[in-house]
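Chemist: My structure is in run.txt, and what it holds is compact mmCIF, C-alpha atoms:
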```txt
# COMPACT_ATOMS: atom_id res chain seq x y z
CA MET A 1 -55.88 140.49 -27.07
CA ASN A 2 -56.99 140.41 -23.45
CA PRO A 3 -56.15 143.70 -21.69
CA MET A 4 -56.03 141.90 -18.33
CA THR A 5 -52.82 140.20 -19.33
CA HIS A 6 -50.99 143.31 -20.54
CA SER A 7 -49.72 146.40 -18.81
CA PRO A 8 -50.84 149.79 -20.16
CA ALA A 9 -47.36 150.20 -21.63
CA ALA A 10 -47.44 146.88 -23.43
CA HIS A 11 -47.08 146.87 -27.21
CA PRO A 12 -46.60 150.64 -27.58
CA ARG A 13 -46.00 150.33 -31.29
CA ALA A 14 -49.25 148.46 -31.86
CA ALA A 15 -51.13 150.86 -29.62
CA ALA A 16 -49.74 153.82 -31.52
CA THR A 17 -50.93 152.49 -34.87
CA THR A 18 -54.28 151.05 -33.74
CA ARG A 19 -57.36 153.26 -33.72
CA ARG A 20 -58.51 153.75 -30.14
CA SER A 21 -61.78 152.16 -29.14
CA ARG A 22 -64.34 154.35 -27.35
CA ALA A 23 -65.60 151.97 -24.69
CA ARG A 24 -65.31 154.67 -22.03
CA PHE A 25 -68.19 156.59 -23.63
CA GLY A 26 -70.45 153.56 -23.34
CA ILE A 27 -69.63 153.47 -19.62
CA LEU A 28 -70.40 157.21 -19.42
CA ALA A 29 -73.79 156.53 -21.03
CA LEU A 30 -74.53 154.08 -18.20
CA LEU A 31 -73.65 156.79 -15.66
CA VAL A 32 -75.89 159.28 -17.45
CA VAL A 33 -78.91 156.97 -17.30
CA GLY A 34 -78.18 155.94 -13.70
CA THR A 35 -77.87 159.58 -12.62
CA MET A 36 -81.13 160.50 -14.37
CA ILE A 37 -82.91 157.69 -12.53
CA ASN A 38 -81.27 158.74 -9.27
CA TYR A 39 -82.66 162.27 -9.50
CA LEU A 40 -86.06 161.14 -10.78
CA ASP A 41 -86.45 158.77 -7.85
CA ARG A 42 -85.54 161.36 -5.25
CA SER A 43 -87.74 164.08 -6.78
CA VAL A 44 -90.82 162.15 -7.97
CA ALA A 45 -92.38 162.71 -4.53
CA GLY A 46 -92.58 166.41 -5.41
CA ILE A 47 -94.75 165.56 -8.42
CA ALA A 48 -96.98 163.27 -6.36
CA ALA A 49 -97.12 165.70 -3.40
CA PRO A 50 -100.52 167.46 -3.81
CA SER A 51 -102.62 164.34 -4.47
CA MET A 52 -100.53 162.20 -2.12
CA SER A 53 -100.82 164.69 0.75
CA HIS A 54 -104.58 164.94 0.16
CA ASP A 55 -105.10 161.17 0.23
CA LEU A 56 -102.82 160.57 3.23
CA GLY A 57 -103.84 163.67 5.20
CA LEU A 58 -100.41 165.30 5.22
CA THR A 59 -100.14 168.93 6.34
CA PRO A 60 -97.48 171.16 4.73
CA ALA A 61 -95.29 170.67 7.81
CA LEU A 62 -95.55 166.86 7.56
CA LEU A 63 -94.89 167.04 3.83
CA GLY A 64 -91.76 169.06 4.60
CA VAL A 65 -90.62 166.24 6.91
CA ILE A 66 -91.22 163.70 4.12
CA PHE A 67 -89.17 165.77 1.66
CA SER A 68 -86.41 166.27 4.23
CA ALA A 69 -86.26 162.65 5.41
CA PHE A 70 -84.44 161.49 2.28
CA SER A 71 -81.50 163.73 3.13
CA TRP A 72 -81.29 162.54 6.76
CA THR A 73 -80.15 159.08 5.79
CA TYR A 74 -78.52 160.15 2.52
CA THR A 75 -76.21 162.47 4.42
CA ALA A 76 -75.53 160.01 7.23
CA SER A 77 -74.72 157.24 4.74
CA GLN A 78 -72.05 159.10 2.75
CA ILE A 79 -69.09 157.58 4.60
CA PRO A 80 -70.61 154.08 4.95
CA GLY A 81 -71.41 154.20 1.22
CA GLY A 82 -67.79 154.96 0.47
CA VAL A 83 -66.63 152.08 2.68
CA LEU A 84 -69.01 149.73 0.84
CA LEU A 85 -67.60 150.93 -2.47
CA ASP A 86 -64.07 150.09 -1.32
CA ARG A 87 -65.08 146.66 -0.05
CA ILE A 88 -67.21 145.20 -2.87
CA GLY A 89 -66.23 147.36 -5.84
CA THR A 90 -67.94 149.62 -8.33
CA LYS A 91 -70.12 147.17 -10.24
CA TRP A 92 -71.91 145.53 -7.33
CA THR A 93 -72.12 148.64 -5.15
CA TYR A 94 -73.98 150.47 -7.91
CA PHE A 95 -76.13 147.45 -8.75
CA PHE A 96 -77.33 146.89 -5.19
CA ALA A 97 -77.75 150.62 -4.52
CA LEU A 98 -79.71 151.26 -7.73
CA THR A 99 -81.91 148.20 -7.40
CA LEU A 100 -82.76 148.81 -3.75
CA TRP A 101 -83.40 152.55 -3.97
CA SER A 102 -85.65 151.87 -6.98
CA LEU A 103 -87.48 149.13 -5.10
CA PHE A 104 -88.27 151.45 -2.21
CA THR A 105 -89.25 154.22 -4.62
CA GLY A 106 -91.87 151.87 -6.00
CA LEU A 107 -93.01 150.81 -2.53
CA GLN A 108 -93.88 154.42 -1.70
CA GLY A 109 -96.97 153.76 -3.79
CA LEU A 110 -98.18 151.34 -1.10
CA ALA A 111 -97.86 153.89 1.74
CA LEU A 112 -100.86 153.98 4.09
CA GLY A 113 -99.90 157.14 5.94
CA PHE A 114 -97.14 159.39 7.19
CA ALA A 115 -95.16 156.69 9.04
CA SER A 116 -94.90 154.18 6.18
CA LEU A 117 -94.05 156.92 3.69
CA LEU A 118 -91.38 158.26 6.03
CA VAL A 119 -89.75 154.81 6.30
CA MET A 120 -89.58 154.48 2.52
CA ARG A 121 -88.00 157.92 2.13
CA LEU A 122 -85.39 157.06 4.77
CA LEU A 123 -84.52 153.81 2.97
CA ILE A 124 -84.23 155.57 -0.40
CA GLY A 125 -81.75 157.98 1.18
CA ILE A 126 -79.60 155.12 2.49
CA PHE A 127 -79.35 153.33 -0.82
CA GLU A 128 -78.84 156.41 -3.01
CA ALA A 129 -75.82 157.46 -0.92
CA PRO A 130 -73.16 155.47 -2.86
CA CYS A 131 -74.29 156.82 -6.27
CA PHE A 132 -72.12 159.91 -6.65
CA PRO A 133 -68.99 158.47 -5.00
CA THR A 134 -69.33 155.58 -7.46
CA ASN A 135 -69.81 158.01 -10.36
CA SER A 136 -66.60 159.79 -9.34
CA ARG A 137 -64.65 156.55 -9.14
CA VAL A 138 -65.90 155.38 -12.54
CA VAL A 139 -64.77 158.65 -14.13
CA ALA A 140 -61.38 158.39 -12.38
CA ILE A 141 -60.68 154.87 -13.67
CA TRP A 142 -62.23 155.15 -17.14
CA PHE A 143 -61.16 158.64 -18.22
CA PRO A 144 -57.81 160.40 -18.53
CA GLN A 145 -57.47 163.60 -16.54
CA SER A 146 -57.97 165.75 -19.64
CA GLU A 147 -61.50 164.32 -20.13
CA ARG A 148 -62.69 164.00 -16.55
CA ALA A 149 -64.19 167.48 -16.17
CA ARG A 150 -66.14 166.97 -19.41
CA ALA A 151 -67.33 163.52 -18.33
CA THR A 152 -68.38 164.83 -14.92
CA GLY A 153 -70.19 167.72 -16.57
CA ILE A 154 -72.12 165.37 -18.84
CA TYR A 155 -73.51 163.16 -16.08
CA THR A 156 -74.18 166.25 -13.91
CA PHE A 157 -76.03 167.78 -16.88
CA ALA A 158 -78.15 164.60 -16.88
CA GLU A 159 -79.46 165.42 -13.39
CA TYR A 160 -81.38 168.40 -14.73
CA ILE A 161 -82.10 167.48 -18.33
CA GLY A 162 -83.65 164.16 -17.34
CA LEU A 163 -86.08 165.93 -15.03
CA ALA A 164 -86.76 168.54 -17.71
CA PHE A 165 -87.73 166.16 -20.49
CA LEU A 166 -89.35 163.44 -18.39
CA SER A 167 -91.37 165.69 -16.08
CA PRO A 168 -94.29 166.15 -18.52
CA LEU A 169 -94.55 162.36 -18.88
CA LEU A 170 -94.45 161.91 -15.10
CA PHE A 171 -97.15 164.55 -14.55
CA TRP A 172 -99.30 162.86 -17.21
CA LEU A 173 -98.82 159.44 -15.60
CA GLU A 174 -99.79 160.86 -12.22
CA HIS A 175 -102.85 162.56 -13.72
CA ARG A 176 -103.89 159.47 -15.69
CA TYR A 177 -103.12 156.64 -13.27
CA GLY A 178 -102.67 158.31 -9.86
CA TRP A 179 -99.71 158.92 -7.58
CA ARG A 180 -99.47 155.31 -6.39
CA ALA A 181 -99.02 154.00 -9.91
CA LEU A 182 -96.49 156.76 -10.63
CA PHE A 183 -94.19 155.51 -7.87
CA GLY A 184 -94.59 151.93 -9.07
CA ILE A 185 -93.73 152.76 -12.68
CA VAL A 186 -90.67 154.85 -11.82
CA GLY A 187 -89.41 152.24 -9.36
CA THR A 188 -89.80 149.44 -11.91
CA VAL A 189 -87.74 151.34 -14.48
CA GLY A 190 -84.91 151.65 -11.97
CA VAL A 191 -84.95 147.97 -11.06
CA LEU A 192 -84.80 147.00 -14.75
CA PHE A 193 -81.89 149.35 -15.36
CA GLY A 194 -80.08 147.73 -12.43
CA VAL A 195 -80.06 144.52 -14.46
CA VAL A 196 -78.72 146.40 -17.50
CA TRP A 197 -75.94 147.87 -15.35
CA ALA A 198 -74.93 144.46 -13.96
CA LEU A 199 -74.76 142.98 -17.46
CA SER A 200 -72.95 145.93 -19.04
CA PHE A 201 -70.51 147.51 -16.61
CA ARG A 202 -66.88 146.38 -16.58
CA GLU A 203 -63.70 147.79 -15.11
CA PRO A 204 -61.23 148.88 -17.84
CA HIS A 205 -58.98 145.86 -17.30
CA GLN A 206 -62.01 143.54 -17.62
CA SER A 207 -63.58 145.18 -20.68
CA LYS A 208 -63.78 143.32 -23.96
CA ARG A 209 -64.77 146.53 -25.76
CA ALA A 210 -61.70 148.59 -24.82
CA ASN A 211 -58.66 147.83 -26.95
CA GLN A 212 -55.05 148.27 -25.86
CA ALA A 213 -54.81 151.69 -27.52
CA GLU A 214 -57.68 153.01 -25.42
CA LEU A 215 -56.27 151.46 -22.23
CA ASP A 216 -52.89 153.07 -22.95
CA TYR A 217 -54.59 156.42 -23.56
CA ILE A 218 -56.52 156.24 -20.26
CA ALA A 219 -53.48 155.11 -18.28
CA GLY A 220 -51.27 157.75 -19.87
CA GLY A 221 -53.70 160.39 -18.64
CA GLY A 222 -53.70 159.11 -15.07
CA GLY A 223 -56.57 156.61 -15.19
CA VAL A 224 -56.30 153.33 -13.27
CA VAL A 225 -56.87 150.56 -15.80
CA ASP A 226 -55.26 147.57 -14.10
CA GLY A 227 -57.67 147.15 -11.19
CA SER A 228 -55.25 148.40 -8.54
CA LYS A 229 -56.45 150.64 -5.74
CA GLN A 230 -54.82 153.30 -3.63
CA HIS A 231 -55.80 153.61 0.01
CA THR A 232 -55.32 156.43 2.48
CA HIS A 233 -55.71 155.47 6.12
CA PHE A 234 -58.72 157.35 7.47
CA ARG A 235 -58.33 159.47 10.59
CA TRP A 236 -61.03 161.59 12.18
CA SER A 237 -58.39 164.23 12.84
CA TYR A 238 -58.25 164.90 9.09
CA VAL A 239 -61.89 166.08 9.17
CA GLY A 240 -61.18 168.72 11.80
CA ALA A 241 -57.95 169.75 10.12
CA LEU A 242 -59.72 170.31 6.81
CA LEU A 243 -62.59 172.29 8.29
CA LYS A 244 -60.13 174.57 10.09
CA ARG A 245 -58.86 175.77 6.72
CA ARG A 246 -60.81 178.81 5.56
CA SER A 247 -60.95 177.68 1.95
CA MET A 248 -62.60 174.38 2.88
CA ALA A 249 -64.98 175.92 5.42
CA GLY A 250 -65.90 178.65 2.94
CA ILE A 251 -66.76 176.37 0.03
CA CYS A 252 -68.76 174.09 2.35
CA LEU A 253 -70.90 177.02 3.49
CA GLY A 254 -71.23 178.10 -0.13
CA GLN A 255 -72.35 174.63 -1.20
CA PHE A 256 -75.02 174.53 1.50
CA ALA A 257 -76.36 177.77 0.00
CA CYS A 258 -76.13 176.51 -3.57
CA ASN A 259 -77.96 173.28 -2.84
CA SER A 260 -80.74 175.07 -0.93
CA THR A 261 -82.01 176.50 -4.23
CA ASN A 262 -81.69 173.11 -5.91
CA VAL A 263 -83.62 171.37 -3.13
CA PHE A 264 -86.49 173.86 -3.43
CA PHE A 265 -86.92 172.97 -7.11
CA LEU A 266 -86.61 169.23 -6.47
CA THR A 267 -89.22 169.19 -3.70
CA TRP A 268 -91.55 172.18 -3.24
CA PHE A 269 -91.53 173.72 -6.72
CA PRO A 270 -94.53 171.81 -8.21
CA THR A 271 -96.57 172.47 -5.06
CA TYR A 272 -95.61 176.16 -5.22
CA LEU A 273 -96.96 176.44 -8.77
CA ALA A 274 -100.16 174.57 -7.93
CA THR A 275 -101.02 176.25 -4.61
CA GLU A 276 -99.39 179.69 -4.73
CA ARG A 277 -99.88 180.31 -8.46
CA HIS A 278 -103.06 178.19 -8.84
CA MET A 279 -101.91 176.39 -11.97
CA PRO A 280 -103.79 173.28 -13.16
CA TRP A 281 -101.73 170.20 -12.43
CA LEU A 282 -101.08 169.22 -16.05
CA LYS A 283 -99.99 172.78 -16.82
CA VAL A 284 -97.60 172.52 -13.86
CA GLY A 285 -96.08 169.49 -15.56
CA VAL A 286 -95.37 171.48 -18.72
CA VAL A 287 -94.16 174.64 -16.98
CA ALA A 288 -91.94 172.72 -14.53
CA VAL A 289 -89.75 171.63 -17.45
CA LEU A 290 -88.43 175.13 -18.12
CA PRO A 291 -86.36 175.79 -14.96
CA PHE A 292 -84.67 172.39 -15.26
CA ILE A 293 -83.66 173.16 -18.84
CA ALA A 294 -82.32 176.50 -17.64
CA ALA A 295 -80.32 174.80 -14.86
CA SER A 296 -78.82 172.28 -17.28
CA VAL A 297 -77.65 175.11 -19.54
CA GLY A 298 -76.30 176.95 -16.49
CA THR A 299 -74.23 173.90 -15.52
CA LEU A 300 -72.52 173.87 -18.91
CA ALA A 301 -72.18 177.67 -18.98
CA GLY A 302 -70.40 177.77 -15.61
CA GLY A 303 -67.69 175.37 -16.79
CA TRP A 304 -67.32 177.11 -20.16
CA ILE A 305 -66.97 180.56 -18.55
CA SER A 306 -64.41 179.29 -16.06
CA ASP A 307 -62.28 177.65 -18.77
CA ALA A 308 -62.60 180.74 -20.99
CA LEU A 309 -61.41 183.03 -18.18
CA LEU A 310 -58.48 180.73 -17.46
CA SER A 311 -57.45 180.58 -21.13
CA ARG A 312 -57.45 184.39 -21.27
CA GLY A 313 -54.94 184.67 -18.46
CA VAL A 314 -57.30 185.18 -15.52
CA SER A 315 -55.91 183.51 -12.39
CA LEU A 316 -57.13 180.07 -11.30
CA ASN A 317 -58.46 181.76 -8.17
CA TRP A 318 -60.85 184.11 -9.98
CA SER A 319 -61.62 181.93 -12.99
CA ARG A 320 -63.04 179.34 -10.57
CA LYS A 321 -64.68 181.70 -8.06
CA LEU A 322 -66.30 184.32 -10.30
CA PRO A 323 -68.87 181.99 -11.96
CA VAL A 324 -69.81 180.57 -8.55
CA ILE A 325 -70.16 184.00 -6.94
CA PHE A 326 -72.19 185.32 -9.87
CA GLY A 327 -74.37 182.19 -9.79
CA LEU A 328 -75.14 182.54 -6.08
CA LEU A 329 -75.87 186.27 -6.36
CA ALA A 330 -78.12 185.74 -9.37
CA ALA A 331 -79.92 182.81 -7.70
CA SER A 332 -80.94 185.17 -4.88
CA THR A 333 -83.26 186.95 -7.36
CA ILE A 334 -85.76 184.11 -6.77
CA VAL A 335 -87.36 186.39 -4.17
CA LEU A 336 -88.54 188.70 -6.97
CA ALA A 337 -91.23 186.12 -7.81
CA ASN A 338 -93.07 187.43 -4.73
CA TYR A 339 -93.60 190.80 -6.38
CA VAL A 340 -95.03 189.90 -9.79
CA ASP A 341 -98.47 188.60 -10.76
CA SER A 342 -97.81 187.48 -14.32
CA THR A 343 -97.27 183.75 -14.68
CA THR A 344 -94.80 184.42 -17.48
CA ALA A 345 -92.78 186.76 -15.26
CA VAL A 346 -92.78 184.28 -12.38
CA ILE A 347 -91.48 181.47 -14.59
CA ALA A 348 -88.85 183.77 -16.12
CA ILE A 349 -87.57 184.70 -12.66
CA LEU A 350 -87.48 181.09 -11.52
CA CYS A 351 -85.69 180.01 -14.70
CA CYS A 352 -83.05 182.72 -14.20
CA ALA A 353 -82.55 181.70 -10.58
CA TYR A 354 -82.17 178.01 -11.44
CA PHE A 355 -79.87 178.80 -14.38
CA ALA A 356 -77.66 180.68 -11.91
CA GLN A 357 -77.78 177.79 -9.45
CA GLY A 358 -76.56 175.53 -12.24
CA MET A 359 -73.58 177.84 -12.78
CA SER A 360 -72.64 177.68 -9.12
CA ALA A 361 -72.44 173.86 -9.36
CA LEU A 362 -68.93 174.53 -10.69
CA ALA A 363 -67.90 174.51 -7.01
CA TRP A 364 -67.24 170.75 -7.31
CA MET A 365 -64.15 171.57 -9.39
CA ILE A 366 -62.84 173.76 -6.58
CA VAL A 367 -62.77 170.73 -4.28
CA SER A 368 -60.27 169.11 -6.66
CA ASP A 369 -58.20 172.30 -6.68
CA ILE A 370 -57.87 172.66 -2.90
CA ALA A 371 -58.05 169.08 -1.56
CA PRO A 372 -54.78 167.77 -0.09
CA LYS A 373 -53.13 165.01 -2.07
CA GLY A 374 -54.44 161.71 -0.78
CA LEU A 375 -57.60 163.27 0.72
CA LEU A 376 -59.66 164.06 -2.36
CA GLY A 377 -62.28 161.51 -1.36
CA LEU A 378 -62.59 162.74 2.21
CA SER A 379 -62.63 166.38 1.08
CA GLY A 380 -65.39 165.59 -1.40
CA GLY A 381 -67.31 163.71 1.28
CA ILE A 382 -67.19 166.64 3.69
CA PHE A 383 -68.22 169.01 0.88
CA ASN A 384 -71.13 166.74 -0.07
CA LEU A 385 -72.13 166.43 3.58
CA PHE A 386 -72.73 170.18 3.76
CA ALA A 387 -74.55 170.13 0.42
CA ASN A 388 -76.94 167.49 1.68
CA ALA A 389 -77.41 169.23 5.01
CA ALA A 390 -79.34 171.73 2.88
CA GLY A 391 -81.51 168.81 1.79
CA ILE A 392 -82.42 168.28 5.44
CA VAL A 393 -82.90 171.89 6.51
CA THR A 394 -84.48 173.55 3.48
CA PRO A 395 -87.59 171.33 2.99
CA LEU A 396 -88.31 171.46 6.72
CA VAL A 397 -87.98 175.23 6.95
CA ILE A 398 -90.15 175.79 3.87
CA GLY A 399 -92.77 173.35 5.18
CA LEU A 400 -92.91 175.14 8.53
CA ILE A 401 -93.13 178.54 6.84
CA VAL A 402 -95.95 177.47 4.53
CA ASN A 403 -97.76 175.72 7.36
CA ALA A 404 -97.55 178.82 9.57
CA THR A 405 -98.31 181.48 6.94
CA GLY A 406 -100.25 179.64 4.24
CA SER A 407 -97.93 181.21 1.67
CA PHE A 408 -94.54 180.76 -0.02
CA VAL A 409 -93.61 184.44 0.27
CA TYR A 410 -91.26 184.02 3.23
CA ALA A 411 -90.05 180.68 1.89
CA LEU A 412 -88.65 182.35 -1.24
CA ALA A 413 -87.17 185.08 0.96
CA PHE A 414 -85.42 182.37 2.99
CA ILE A 415 -83.90 180.80 -0.16
CA SER A 416 -82.75 184.22 -1.35
CA ALA A 417 -81.10 185.06 1.97
CA VAL A 418 -79.24 181.74 2.11
CA THR A 419 -77.81 182.18 -1.40
CA LEU A 420 -76.59 185.67 -0.52
CA ILE A 421 -74.78 184.22 2.51
CA GLY A 422 -73.17 181.65 0.18
CA ALA A 423 -71.92 184.39 -2.15
CA LEU A 424 -70.49 186.34 0.79
CA SER A 425 -68.73 183.17 1.91
CA TYR A 426 -66.89 182.93 -1.41
CA ILE A 427 -66.05 186.63 -1.36
CA PHE A 428 -64.81 186.94 2.22
CA ILE A 429 -64.02 183.45 3.59
CA VAL A 430 -62.73 181.16 0.84
CA GLY A 431 -59.60 183.16 0.00
CA ASP A 432 -57.14 181.94 -2.62
CA ILE A 433 -57.84 178.71 -4.49
CA LYS A 434 -54.77 176.60 -3.81
CA ARG A 435 -54.06 173.10 -2.58
CA ILE A 436 -54.23 172.62 1.19
CA GLU A 437 -51.04 171.21 2.66
CA PHE A 438 -50.56 169.72 6.12
CA ASP A 439 -47.35 169.85 8.12
CA GLU A 440 -47.54 166.10 8.75
CA PRO A 441 -47.56 163.67 5.80
CA ILE A 442 -50.84 161.91 4.99
CA ALA A 443 -50.55 158.18 5.58
```
As structure tokens, please, write out the structure in this file.

Modeler:
Amino acid sequence: MNPMTHSPAAHPRAAATTRRSRARFGILALLVVGTMINYLDRSVAGIAAPSMSHDLGLTPALLGVIFSAFSWTYTASQIPGGVLLDRIGTKWTYFFALTLWSLFTGLQGLALGFASLLVMRLLIGIFEAPCFPTNSRVVAIWFPQSERARATGIYTFAEYIGLAFLSPLLFWLEHRYGWRALFGIVGTVGVLFGVVWALSFREPHQSKRANQAELDYIAGGGGVVDGSKQHTHFRWSYVGALLKRRSMAGICLGQFACNSTNVFFLTWFPTYLATERHMPWLKVGVVAVLPFIAASVGTLAGGWISDALLSRGVSLNWSRKLPVIFGLLAASTIVLANYVDSTTAVIAILCCAYFAQGMSALAWMIVSDIAPKGLLGLSGGIFNLFANAAGIVTPLVIGLIVNATGSFVYALAFISAVTLIGALSYIFIVGDIKRIEFDEPIA
């Protein structure tokens, strides 16, 4: 039976008696792998940084620019990436984005100096921009509402766990074959997976693996299985109207703070261990796994705590905000690493801080709770814009601090201060978690 020729309500009796297929979980597996590659490609420069900066003559300040450059174009391309997604669809947007960002990841291995490396980082940022909007759309069309938070949590979990388990291999590859080969290998893997994506991904109404019972189940839970799209006419006035609401402004400031900690671990963390803590590079590769494991557990813990609070009668307001506030406050303890000499103590502090940062990633659910009907995409885009502004600012500030002082002491203090500001934003600015409503209808 071809699901393209039947509405979700067709043959209800047959659907009720037929065991549901599980094609949606195969699609989720594609998202998991794609998201792992996405984060590996944006963070592999941190693994290559010491030897790369030595060979290319990069100062800490210039290295900070290289780390930051990805976020310049990534942030600027959020809206264009969404427009591309609307115009050519999920399958080909993700294919072209994945293939091209992987290609330019590999080409970083051919860099001759600061300028050529900078160009590659800028191009990676452009082509990675559609990834998470596409992830969100795939979850919205392939999963009923009751499973979307779980599905989102699984591919978000993949961001950290992929780095955790693959980092030792990446450090070994860099040690054995050099940083240029490392970029080439990682880029090639991404290009090959692009082919797998193109051959495997289907919309629900095109899938030969999803039976009618599964399509009915998805549609009954609010998923779009028939290929139709809903459009809201974009107006720049909506951006200003959203940012004037304290709840939106507050969570955006909080997300900037949350992502500042994340960006430190994705960029400067290996260099911190090697230069500030004088760890051998292969040992860095083993030790660097631990904070990413902690962050992945924190991501799951934040969602579990929030749901547990809600099920015990705690208000939506506090069941959503408390894990985020606690996560931001606990992440600020990263500064304590400045005051201990033991390697074990340093790693324990960093693991606790990154675990807490993972908890505060729950803030993405708050966007769904407060976004006006019809503006979920725009609200998420604004929220993500502030998150990625941290990707621009934080590597630059840390690079300038290290360049000026020769130490990471004030860099960790900077991260700690920013996370405290984020916690205060949730406490004093965000206010009640409730859906924003405008006086004029959204067209």

Chemist: CA of Met120 in chain A to CA of Trp101 in chain A: how many Å, to one decimal?

Modeler: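 Atom-to-atom, CA of Met120 in chain A to CA of Trp101 in chain A, that is 9.2 Å.
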
Chemist: Report the distance between CA of Ala413 in chain A and CA of Pro280 in chain A in Å, rounded to one decimal place.

Modeler: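 Taking CA of Ala413 in chain A as the start and CA of Pro280 in chain A as the end point, the length is 24.8 Å.
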
Chemist: Which is closest to Gly81 in chain A among A:Gly187, A:Gly391, A:Gly381, A:Gly327, if we use all atoms listed in the file?

Modeler: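 Comparing A:Gly187, A:Gly391, A:Gly381, A:Gly327 against Gly81 in chain A, the winner is A:Gly381.
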
Chemist: In Å, rounded to a single decimal, give me how far CA of Leu85 in chain A is from CA of Ala219 in chain A.

Modeler: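 According to the coordinates, CA of Ala219 in chain A and CA of Leu85 in chain A are separated by 21.6 Å.
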
Chemist: Find the residues near Ser306 in chain A: any atom within 8 Å, counting only C-alpha atoms, skip ones fewer than 2 places away on the same chain, and give them as a list of chain:residue names.

Modeler: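 The contact residues come out as A:Gly302, A:Gly303, A:Trp304, A:Ala308, A:Leu309, A:Leu310, A:Ser319, A:Arg320, A:Leu322, A:Pro323.
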
Chemist: May I ask which of the residues A:Ser296, A:Ser315, A:Thr333, A:Thr405 is the closest one to Leu163 in chain A, counting all atoms listed in the file?

Modeler: A:Ser296

Chemist: Compile the contact shell of range 25-32 of chain A as a PDB file with C-alpha atoms, in the frame of the given file: residues with an atom at most 7 Å away, counting all atoms listed in the file, same-chain residues fewer than 2 positions apart removed.

Modeler:
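Generated output (out23.pdb):
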```pdb
ATOM      1  CA  ARG A  22     -64.340 154.350 -27.350  1.00  0.00           C
ATOM      2  CA  ALA A  23     -65.600 151.970 -24.690  1.00  0.00           C
ATOM      3  CA  GLY A  34     -78.180 155.940 -13.700  1.00  0.00           C
ATOM      4  CA  THR A  35     -77.870 159.580 -12.620  1.00  0.00           C
ATOM      5  CA  MET A  36     -81.130 160.500 -14.370  1.00  0.00           C
ATOM      6  CA  ASN A 135     -69.810 158.010 -10.360  1.00  0.00           C
ATOM      7  CA  TYR A 155     -73.510 163.160 -16.080  1.00  0.00           C
ATOM      8  CA  ALA A 158     -78.150 164.600 -16.880  1.00  0.00           C
ATOM      9  CA  TRP A 197     -75.940 147.870 -15.350  1.00  0.00           C
ATOM     10  CA  PHE A 201     -70.510 147.510 -16.610  1.00  0.00           C
TER      11      PHE A 201
END
```

Chemist: Which residues are close to Cys252 in chain A, i.e. within 10 Å by only C-alpha atoms, leaving aside same-chain residues fewer than 4 positions away? Reply as a compact mmCIF listing (two decimals) with C-alpha atoms, in the frame of the given file.

Modeler:
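Okay, this is what ended up in out_27.txt:
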```txt
# COMPACT_ATOMS: atom_id res chain seq x y z
CA LEU A 243 -62.59 172.29 8.29
CA ARG A 246 -60.81 178.81 5.56
CA SER A 247 -60.95 177.68 1.95
CA MET A 248 -62.60 174.38 2.88
CA PHE A 256 -75.02 174.53 1.50
CA ALA A 257 -76.36 177.77 0.00
CA CYS A 258 -76.13 176.51 -3.57
CA ALA A 363 -67.90 174.51 -7.01
CA VAL A 367 -62.77 170.73 -4.28
CA SER A 379 -62.63 166.38 1.08
CA GLY A 380 -65.39 165.59 -1.40
CA ILE A 382 -67.19 166.64 3.69
CA PHE A 383 -68.22 169.01 0.88
CA ASN A 384 -71.13 166.74 -0.07
CA LEU A 385 -72.13 166.43 3.58
CA PHE A 386 -72.73 170.18 3.76
CA ALA A 387 -74.55 170.13 0.42
CA GLY A 422 -73.17 181.65 0.18
CA SER A 425 -68.73 183.17 1.91
CA TYR A 426 -66.89 182.93 -1.41
CA VAL A 430 -62.73 181.16 0.84
```

Chemist: Just checking: using all atoms listed in the file, which residue out of A:Ala241, A:Val138, A:Leu62, A:Ala164 ends up closest to Pro204 in chain A?

Modeler: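 So, comparing all the options, the nearest one is A:Val138.
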
Chemist: Which centre and which edge lengths, in Å to one decimal, describe the axis-aligned box that holds all listed atoms of range 405-422 of chain A after 5 Å is added on each side, as JSON?

Modeler:
```
{"center_x": -86.7, "center_y": 182.7, "center_z": 2.8, "size_x": 37.1, "size_y": 16.0, "size_z": 18.3}
```

Chemist: Quick one: of A:Ala295, A:Leu122, A:Leu100, A:Leu170, who's nearest to Ser77 in chain A, counting all atoms listed in the file?

Modeler: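 Of the candidates, the smallest distance to Ser77 in chain A is held by A:Leu122.
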
Chemist: When you count all atoms listed in the file, which of these residues is closest to Trp92 in chain A: A:Ala404, A:Ala129, A:Ala337, A:Leu199?

Modeler: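 Nearest candidate to Trp92 in chain A out of A:Ala404, A:Ala129, A:Ala337, A:Leu199: A:Leu199.
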
Chemist: Of the residues A:Ile349, A:Leu98, A:Val263, A:Ile433, which is the one nearest to Leu316 in chain A, using all atoms listed in the file?

Modeler: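 Comparing A:Ile349, A:Leu98, A:Val263, A:Ile433 against Leu316 in chain A, the winner is A:Ile433.
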